[in-house]
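The file query-v9.txt comes next; it holds compact mmCIF, C-alpha atoms.
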```txt
# COMPACT_ATOMS: atom_id res chain seq x y z
CA MET A 1 2.21 18.21 30.01
CA ASP A 2 4.30 21.19 31.13
CA ASN A 3 7.42 22.59 29.54
CA ASP A 4 9.84 20.42 31.49
CA ASP A 5 8.11 17.28 30.25
CA VAL A 6 8.20 18.49 26.67
CA PHE A 7 11.90 19.20 27.11
CA SER A 8 12.60 15.74 28.45
CA VAL A 9 10.62 14.06 25.65
CA VAL A 10 12.45 16.09 23.01
CA HIS A 11 15.78 15.02 24.44
CA GLY A 12 14.76 11.40 24.62
CA SER A 13 15.36 11.19 28.35
CA VAL A 14 11.80 10.41 29.37
CA SER A 15 11.48 7.25 31.43
CA LEU A 16 8.93 4.50 30.87
CA ASN A 17 7.11 5.11 34.14
CA HIS A 18 6.82 8.83 33.64
CA PRO A 19 3.24 9.91 34.49
CA HIS A 20 2.72 11.61 31.12
CA TRP A 21 4.36 8.92 29.03
CA GLY A 22 1.04 7.24 28.28
CA ASP A 23 -0.40 10.51 26.94
CA ALA A 24 2.58 11.15 24.72
CA GLN A 25 2.55 7.61 23.45
CA HIS A 26 -1.16 7.71 22.75
CA ALA A 27 -0.83 11.01 20.90
CA HIS A 28 1.83 9.40 18.75
CA GLU A 29 0.19 6.02 18.33
CA SER A 30 -3.29 7.23 17.40
CA PHE A 31 -1.77 8.90 14.35
CA ARG A 32 0.17 5.86 13.31
CA SER A 33 -1.94 2.90 14.31
CA ASN A 34 -5.48 1.93 15.16
CA THR A 35 -4.42 0.08 18.34
CA GLY A 36 -3.95 3.53 19.84
CA ASN A 37 -7.64 4.15 19.25
CA ALA A 38 -8.72 0.64 20.27
CA ARG A 39 -6.79 0.95 23.51
CA LYS A 40 -8.80 3.98 24.54
CA ILE A 41 -12.22 2.49 23.78
CA GLY A 42 -11.96 -0.59 25.97
CA MET A 43 -9.14 -2.82 24.69
CA GLU A 44 -6.72 -1.86 27.45
CA LYS A 45 -9.24 -2.85 30.15
CA ASP A 46 -10.53 -6.03 28.47
CA LEU A 47 -7.10 -7.45 27.69
CA HIS A 48 -5.56 -6.17 30.96
CA LEU A 49 -2.85 -4.47 28.91
CA THR A 50 0.07 -3.03 30.83
CA SER A 51 2.25 -0.33 29.31
CA GLU A 52 4.88 -2.96 28.60
CA SER A 53 2.57 -5.42 26.85
CA TYR A 54 1.06 -2.59 24.83
CA ALA A 55 4.51 -1.35 23.83
CA LEU A 56 5.45 -4.89 22.79
CA ALA A 57 2.25 -5.26 20.72
CA SER A 58 2.86 -2.02 18.89
CA SER A 59 6.54 -2.68 18.26
CA THR A 60 6.16 -6.19 16.79
CA PHE A 61 4.41 -4.51 13.84
CA TYR A 62 7.43 -2.34 13.16
CA ILE A 63 9.85 -5.22 13.64
CA ALA A 64 8.03 -7.12 10.91
CA THR A 65 7.91 -4.03 8.71
CA PHE A 66 11.66 -3.66 9.04
CA LEU A 67 12.35 -7.32 8.32
CA PHE A 68 10.00 -7.81 5.37
CA GLY A 69 9.76 -4.39 3.69
CA THR A 70 12.46 -4.77 1.06
CA ALA A 71 11.93 -8.39 0.10
CA GLY A 72 8.15 -8.04 0.13
CA GLY A 73 8.23 -5.03 -2.17
CA LEU A 74 10.53 -6.73 -4.66
CA MET A 75 8.26 -9.78 -4.81
CA LEU A 76 6.09 -7.67 -7.12
CA LYS A 77 8.61 -8.43 -9.86
CA VAL A 78 8.61 -12.13 -9.12
CA VAL A 79 4.92 -12.87 -8.59
CA LYS A 80 2.24 -11.30 -10.82
CA PRO A 81 1.51 -7.83 -9.37
CA SER A 82 -2.26 -8.33 -9.16
CA THR A 83 -1.72 -11.60 -7.29
CA TRP A 84 0.87 -10.21 -4.89
CA LEU A 85 -0.95 -6.97 -4.05
CA ALA A 86 -4.24 -8.86 -3.64
CA ALA A 87 -2.63 -11.50 -1.41
CA CYS A 88 -1.06 -8.83 0.80
CA MET A 89 -4.37 -7.03 1.06
CA VAL A 90 -6.34 -10.14 2.03
CA GLY A 91 -3.59 -10.94 4.54
CA TRP A 92 -3.49 -7.61 6.29
CA GLY A 93 -7.29 -7.30 6.24
CA ALA A 94 -7.59 -10.72 7.91
CA MET A 95 -4.87 -9.93 10.47
CA SER A 96 -6.51 -6.60 11.25
CA ALA A 97 -9.84 -8.34 11.89
CA LEU A 98 -8.12 -11.08 13.93
CA GLN A 99 -6.99 -8.46 16.43
CA ALA A 100 -10.63 -8.50 17.56
CA VAL A 101 -10.36 -12.06 18.92
CA CYS A 102 -7.14 -11.59 20.89
CA HIS A 103 -7.39 -12.48 24.57
CA ASN A 104 -4.18 -10.93 25.86
CA GLY A 105 -1.25 -8.73 25.00
CA ALA A 106 0.89 -11.63 23.77
CA GLY A 107 -1.76 -12.66 21.26
CA LEU A 108 -2.06 -9.09 20.09
CA ALA A 109 1.72 -8.85 19.66
CA ALA A 110 1.73 -12.04 17.56
CA VAL A 111 -1.15 -10.94 15.34
CA ARG A 112 0.38 -7.52 14.85
CA PHE A 113 3.68 -9.10 13.80
CA PHE A 114 1.91 -10.82 10.92
CA LEU A 115 -0.05 -7.65 10.20
CA GLY A 116 3.33 -5.98 9.76
CA VAL A 117 4.53 -8.75 7.42
CA PHE A 118 1.62 -8.23 5.02
CA GLU A 119 1.62 -4.43 5.26
CA ALA A 120 5.37 -4.20 4.69
CA SER A 121 5.08 -6.44 1.65
CA PHE A 122 2.44 -4.17 0.19
CA ALA A 123 3.53 -0.57 0.80
CA PRO A 124 6.81 -0.40 -1.19
CA GLY A 125 5.08 -2.26 -4.01
CA CYS A 126 2.77 0.71 -4.65
CA ALA A 127 5.54 2.87 -6.08
CA LEU A 128 7.05 -0.07 -7.96
CA TYR A 129 3.67 -0.99 -9.44
CA LEU A 130 2.94 2.57 -10.60
CA SER A 131 6.39 2.70 -12.21
CA PHE A 132 5.24 -0.12 -14.52
CA TRP A 133 2.63 2.25 -15.96
CA TYR A 134 3.93 5.79 -15.56
CA LEU A 135 7.09 7.47 -16.85
CA LYS A 136 9.49 8.52 -14.15
CA THR A 137 8.67 12.16 -14.96
CA GLU A 138 5.01 11.44 -14.16
CA LEU A 139 5.62 9.24 -11.16
CA SER A 140 6.29 11.72 -8.36
CA PHE A 141 2.85 13.33 -8.56
CA ARG A 142 1.13 9.92 -8.48
CA ILE A 143 3.18 8.85 -5.47
CA ALA A 144 2.14 12.07 -3.72
CA CYS A 145 -1.49 11.23 -4.55
CA TYR A 146 -1.49 7.89 -2.74
CA ALA A 147 0.94 8.82 0.05
CA GLY A 148 -1.38 11.69 1.02
CA THR A 149 -4.18 9.26 1.79
CA SER A 150 -2.36 8.06 4.92
CA ALA A 151 -3.25 11.32 6.68
CA LEU A 152 -6.86 10.91 5.63
CA SER A 153 -6.97 7.41 7.12
CA GLY A 154 -5.87 8.82 10.48
CA VAL A 155 -8.81 11.21 10.41
CA LEU A 156 -11.39 8.60 9.41
CA GLY A 157 -9.94 5.98 11.77
CA GLY A 158 -10.24 8.41 14.65
CA LEU A 159 -13.82 9.25 13.75
CA ILE A 160 -14.79 5.56 13.53
CA ALA A 161 -13.22 4.89 16.94
CA TYR A 162 -15.01 7.91 18.41
CA GLY A 163 -18.38 6.86 17.00
CA LEU A 164 -18.06 3.23 18.11
CA GLY A 165 -16.71 4.16 21.53
CA LYS A 166 -19.67 6.43 22.11
CA HIS A 167 -22.10 3.55 21.40
CA ASP A 168 -20.11 0.88 23.19
CA HIS A 169 -23.07 -0.24 25.32
CA SER A 170 -25.57 -0.58 22.48
CA LEU A 171 -23.26 -2.68 20.31
CA LEU A 172 -23.44 -6.49 20.14
CA ILE A 173 -19.64 -6.76 20.33
CA ARG A 174 -17.34 -4.48 22.31
CA ALA A 175 -16.52 -1.24 20.50
CA TRP A 176 -12.80 -1.95 20.04
CA LYS A 177 -13.53 -5.41 18.62
CA THR A 178 -16.15 -3.95 16.30
CA MET A 179 -13.60 -1.39 15.16
CA PHE A 180 -11.06 -4.04 14.15
CA ILE A 181 -13.77 -6.02 12.35
CA VAL A 182 -15.28 -3.13 10.38
CA GLU A 183 -11.81 -2.00 9.33
CA GLY A 184 -10.45 -5.45 8.52
CA ILE A 185 -13.18 -7.46 6.80
CA PRO A 186 -13.95 -4.94 3.99
CA THR A 187 -10.21 -4.78 3.24
CA ALA A 188 -9.98 -8.55 2.89
CA VAL A 189 -13.01 -8.56 0.57
CA LEU A 190 -11.55 -5.75 -1.55
CA GLY A 191 -8.33 -7.76 -1.69
CA VAL A 192 -10.18 -10.54 -3.49
CA VAL A 193 -11.68 -7.94 -5.87
CA THR A 194 -8.17 -6.59 -6.50
CA TYR A 195 -7.05 -9.99 -7.77
CA PHE A 196 -9.61 -9.82 -10.58
CA TYR A 197 -9.57 -6.05 -11.13
CA LEU A 198 -5.97 -4.88 -11.28
CA PRO A 199 -3.90 -5.35 -14.47
CA ASP A 200 -0.38 -6.74 -14.06
CA ARG A 201 2.20 -5.05 -16.30
CA PRO A 202 2.05 -3.81 -19.89
CA GLU A 203 4.41 -6.66 -20.88
CA THR A 204 2.09 -9.39 -19.63
CA GLY A 205 -0.27 -8.70 -22.52
CA ARG A 206 -3.09 -6.32 -23.29
CA HIS A 207 -5.50 -5.85 -20.39
CA ARG A 208 -9.20 -5.48 -21.18
CA TRP A 209 -9.10 -1.81 -20.12
CA PHE A 210 -6.82 -0.77 -22.96
CA THR A 211 -7.25 -0.70 -26.72
CA GLU A 212 -4.61 -2.07 -29.08
CA ASP A 213 -3.36 1.48 -29.72
CA GLU A 214 -3.11 2.23 -26.03
CA GLN A 215 -1.26 -1.00 -25.43
CA ARG A 216 1.27 0.04 -28.09
CA ILE A 217 1.80 3.36 -26.32
CA LEU A 218 2.15 1.66 -22.94
CA LEU A 219 4.83 -0.66 -24.28
CA SER A 220 6.70 2.18 -25.96
CA ARG A 221 6.66 4.14 -22.71
CA ARG A 222 8.24 1.21 -20.90
CA ASN A 223 11.33 1.52 -23.05
CA ARG A 224 11.51 5.25 -23.49
CA TYR A 225 14.21 6.20 -21.03
CA VAL A 226 15.58 2.85 -20.08
CA LYS A 227 15.39 -0.62 -21.50
CA ASN A 228 13.30 -2.62 -19.07
CA LEU A 229 13.90 -6.31 -19.14
CA ASP A 230 11.10 -7.78 -17.12
CA ASN A 231 12.43 -11.25 -16.56
CA GLY A 232 12.32 -11.34 -12.78
CA ILE A 233 15.04 -9.95 -10.61
CA ASP A 234 18.54 -10.96 -9.61
CA LEU A 235 20.68 -9.94 -6.68
CA GLN A 236 22.95 -7.72 -8.79
CA GLN A 237 20.04 -5.42 -9.61
CA VAL A 238 19.27 -4.99 -5.94
CA ILE A 239 22.67 -4.31 -4.44
CA ARG A 240 24.31 -2.15 -7.10
CA MET B 1 -8.34 10.59 -33.39
CA MET B 2 -6.11 8.50 -31.28
CA ALA B 3 -6.18 5.70 -33.81
CA SER B 4 -5.04 7.98 -36.62
CA SER B 5 -2.23 9.45 -34.58
CA VAL B 6 -0.91 6.04 -33.74
CA SER B 7 -1.41 4.44 -37.15
CA LYS B 8 0.97 6.94 -38.72
CA VAL B 9 3.64 4.62 -37.46
CA GLY B 10 4.22 1.37 -39.25
CA GLN B 11 2.97 -1.82 -37.65
CA SER B 12 6.38 -3.44 -37.98
CA THR B 13 8.00 -1.09 -35.49
CA VAL B 14 5.51 -1.96 -32.80
CA PRO B 15 6.37 -4.78 -30.43
CA GLU B 16 3.45 -6.99 -29.52
CA HIS B 17 4.94 -9.32 -26.96
CA ALA B 18 7.38 -8.94 -24.13
CA GLU B 19 9.82 -11.25 -25.91
CA ASP B 20 9.89 -8.87 -28.88
CA ILE B 21 10.87 -5.99 -26.64
CA VAL B 22 13.79 -7.85 -25.24
CA GLU B 23 15.00 -9.09 -28.59
CA LYS B 24 14.43 -6.07 -30.81
CA THR B 25 17.52 -4.73 -32.51
CA GLU B 26 16.29 -2.15 -35.05
CA PRO B 27 17.01 1.35 -33.69
CA GLU B 28 13.69 2.80 -34.97
CA ALA B 29 11.75 0.47 -32.68
CA SER B 30 13.06 2.11 -29.53
CA GLU B 31 12.81 5.61 -30.98
CA TRP B 32 9.11 5.42 -31.80
CA GLU B 33 7.02 7.80 -29.72
CA PRO B 34 3.25 8.22 -29.80
CA SER B 35 1.67 11.63 -30.39
CA PRO B 36 1.47 13.82 -27.27
CA GLU B 37 -2.31 13.96 -27.61
CA ALA B 38 -2.72 10.17 -27.61
CA GLU B 39 -0.32 9.85 -24.73
CA ARG B 40 -2.12 12.50 -22.71
CA LYS B 41 -5.37 10.59 -23.14
CA LEU B 42 -3.75 7.37 -22.01
CA ARG B 43 -2.23 9.06 -18.98
CA ARG B 44 -5.66 10.40 -18.10
CA LYS B 45 -7.05 6.90 -18.39
CA LEU B 46 -4.39 5.54 -16.03
CA ASP B 47 -5.17 8.35 -13.60
CA PHE B 48 -8.80 7.21 -13.43
CA THR B 49 -8.25 3.46 -13.31
CA ILE B 50 -5.00 2.30 -11.75
CA LEU B 51 -4.21 5.31 -9.57
CA PRO B 52 -7.53 5.47 -7.62
CA TRP B 53 -7.27 1.77 -6.83
CA ILE B 54 -3.73 2.12 -5.50
CA MET B 55 -4.85 5.15 -3.48
CA MET B 56 -7.72 3.12 -2.03
CA MET B 57 -5.40 0.22 -1.13
CA TYR B 58 -2.84 2.53 0.47
CA PHE B 59 -5.58 4.31 2.40
CA LEU B 60 -6.85 1.01 3.78
CA SER B 61 -3.34 -0.14 4.64
CA TYR B 62 -2.90 2.87 6.90
CA MET B 63 -6.41 2.41 8.25
CA ASP B 64 -5.65 -1.16 9.34
CA ARG B 65 -2.23 -0.71 10.86
```

Once you've parsed the file, please lay out its structure as structure tokens.
Amino acid sequence: MDNDDVFSVVHGSVSLNHPHWGDAQHAHESFRSNTGNARKIGMEKDLHLTSESYALASSTFYIATFLFGTAGGLMLKVVKPSTWLAACMVGWGAMSALQAVCHNGAGLAAVRFFLGVFEASFAPGCALYLSFWYLKTELSFRIACYAGTSALSGVLGGLIAYGLGKHDHSLLIRAWKTMFIVEGIPTAVLGVVTYFYLPDRPETGRHRWFTEDEQRILLSRRNRYVKNLDNGIDLQQVIR
Amino acid sequence: MMASSVSKVGQSTVPEHAEDIVEKTEPEASEWEPSPEAERKLRRKLDFTILPWIMMMYFLSYMDR
């Protein structure tokens, strides 16, 4: 890509059939999504993906994220947190694995829409869930801790795709399908574990991890700066 | 050590159920604070139980998208 192309990309004037558009899009997508990787290790050829059908498949995810992000995150206050986070995790793990059985771009777009629904319902809940346990003065560092892992997943995801792509011919299933399966199934299994592992909120009663004394401290922390009434959520709390 | 630091405070000021928190009216109940040492230990415990699990979930969510 020469300087003129960079200039045109920066100014948003690049056209869809530009010869370097695919490169730029792949460079962007491989950081943000594993379809970028899958595409390069055989998916594009097997599913006969055109640029348009690929663009549709990657954008349905973000459409769902936009539509379901807020409501999905707030559900953590309605449903028990362990149940909601676990359900989201099983859902996105299953959707991720289902991408392996897609036969065309339209199927991929549909599966990725539902992937976006589950992912969007989970991600905002992380900060909300940690705020049940940490004081707001402690929260920012913990948010940085988990948010930083997204960069790490790009590294590992790329390495997995590279390794599988290299051994495409010795694998039982095509490399890109294997990639979706090995990334999706363990997530769904860990989602079930989450349901039994993760405590809900200090107010829902003492969890087996904490002693009576610790439970007392947890409850006192909940009311230190602000009186938290954990009886669900109403619209006034959201829009004010 | 933690037990002694907490037990300095009377049992009556400590809410045991969520309903109690909502209904409590005595001012001393909301002013009670645990010792910094006990709280530091609890925070450490949260950092090694809840936080790693959330980090793992968030990591996988980016892995699968």

With a cut-off of 6 Å, could you pull out the residues of chain B touching chain A and give me the nearest pair of atoms for each, distance in Å to one decimal, using only C-alpha atoms, ordered by chain and ascending number, as JSON lines?
```
{"residue": "B:Ala18", "atom": "CA", "partner": "A:Glu203", "partner_atom": "CA", "distance": 5.0}
{"residue": "B:Met55", "atom": "CA", "partner": "A:Tyr146", "partner_atom": "CA", "distance": 4.4}
{"residue": "B:Phe59", "atom": "CA", "partner": "A:Thr149", "partner_atom": "CA", "distance": 5.2}
{"residue": "B:Tyr62", "atom": "CA", "partner": "A:Ser150", "partner_atom": "CA", "distance": 5.6}
{"residue": "B:Met63", "atom": "CA", "partner": "A:Ser153", "partner_atom": "CA", "distance": 5.2}
{"residue": "B:Asp64", "atom": "CA", "partner": "A:Ser96", "partner_atom": "CA", "distance": 5.8}
{"residue": "B:Arg65", "atom": "CA", "partner": "A:Ser33", "partner_atom": "CA", "distance": 5.0}
```

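CA of Ile233 in chain A to CA of Val79 in chain A spans 10.7 Å [interatomic distance, one decimal].
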
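The space between CA of Ala161 in chain A and CA of Ser61 in chain B spans 16.6 Å.
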
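Coordinates place CA of Gly91 in chain A at a distance of 18.1 Å from CA of Ala57 in chain A.
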
9 Å contact set for Arg39 in chain A, all atoms listed in the file, chain neighbours under 3 positions out, as a PyMOL selection string: chain A and resi 26+34-36+42-45+49+54+176

Nearest residue to Leu51 in chain B from the set A:Ser53, A:Asn37, A:Thr60, A:Ser131 (distances using all atoms listed in the file): A:Ser131

If I only have part of range 43-57 of chain B, can you fill in N, CA and C atoms and write it as a compact mmCIF listing (two decimals), in the frame of the given file?
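Output below, filename rebuild-v8.txt:
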```txt
# COMPACT_ATOMS: atom_id res chain seq x y z
N ARG B 43 -2.62 8.71 -20.35
CA ARG B 43 -2.23 9.06 -18.98
C ARG B 43 -3.46 9.39 -18.15
N ARG B 44 -4.40 10.10 -18.79
CA ARG B 44 -5.66 10.40 -18.10
C ARG B 44 -6.39 9.12 -17.72
N LYS B 45 -6.38 8.17 -18.64
CA LYS B 45 -7.05 6.90 -18.39
C LYS B 45 -6.42 6.17 -17.20
N LEU B 46 -5.08 6.17 -17.16
CA LEU B 46 -4.39 5.54 -16.03
C LEU B 46 -4.74 6.24 -14.72
N ASP B 47 -4.87 7.58 -14.80
CA ASP B 47 -5.17 8.35 -13.60
C ASP B 47 -6.56 8.03 -13.04
N PHE B 48 -7.45 7.50 -13.90
CA PHE B 48 -8.80 7.21 -13.43
C PHE B 48 -9.05 5.73 -13.24
N THR B 49 -8.05 4.90 -13.51
CA THR B 49 -8.25 3.46 -13.31
C THR B 49 -7.27 2.90 -12.28
N ILE B 50 -5.99 2.91 -12.62
CA ILE B 50 -5.00 2.30 -11.75
C ILE B 50 -4.74 3.14 -10.51
N LEU B 51 -4.56 4.44 -10.70
CA LEU B 51 -4.21 5.31 -9.57
C LEU B 51 -5.25 5.32 -8.44
N PRO B 52 -6.56 5.47 -8.73
CA PRO B 52 -7.53 5.47 -7.62
C PRO B 52 -7.52 4.16 -6.83
N TRP B 53 -7.28 3.06 -7.53
CA TRP B 53 -7.27 1.77 -6.83
C TRP B 53 -6.07 1.66 -5.89
N ILE B 54 -4.91 2.12 -6.36
CA ILE B 54 -3.73 2.12 -5.50
C ILE B 54 -3.94 3.06 -4.31
N MET B 55 -4.56 4.21 -4.58
CA MET B 55 -4.85 5.15 -3.48
C MET B 55 -5.77 4.50 -2.45
N MET B 56 -6.78 3.78 -2.94
CA MET B 56 -7.72 3.12 -2.03
C MET B 56 -6.99 2.06 -1.19
N MET B 57 -6.13 1.27 -1.85
CA MET B 57 -5.40 0.22 -1.13
C MET B 57 -4.48 0.83 -0.07
```
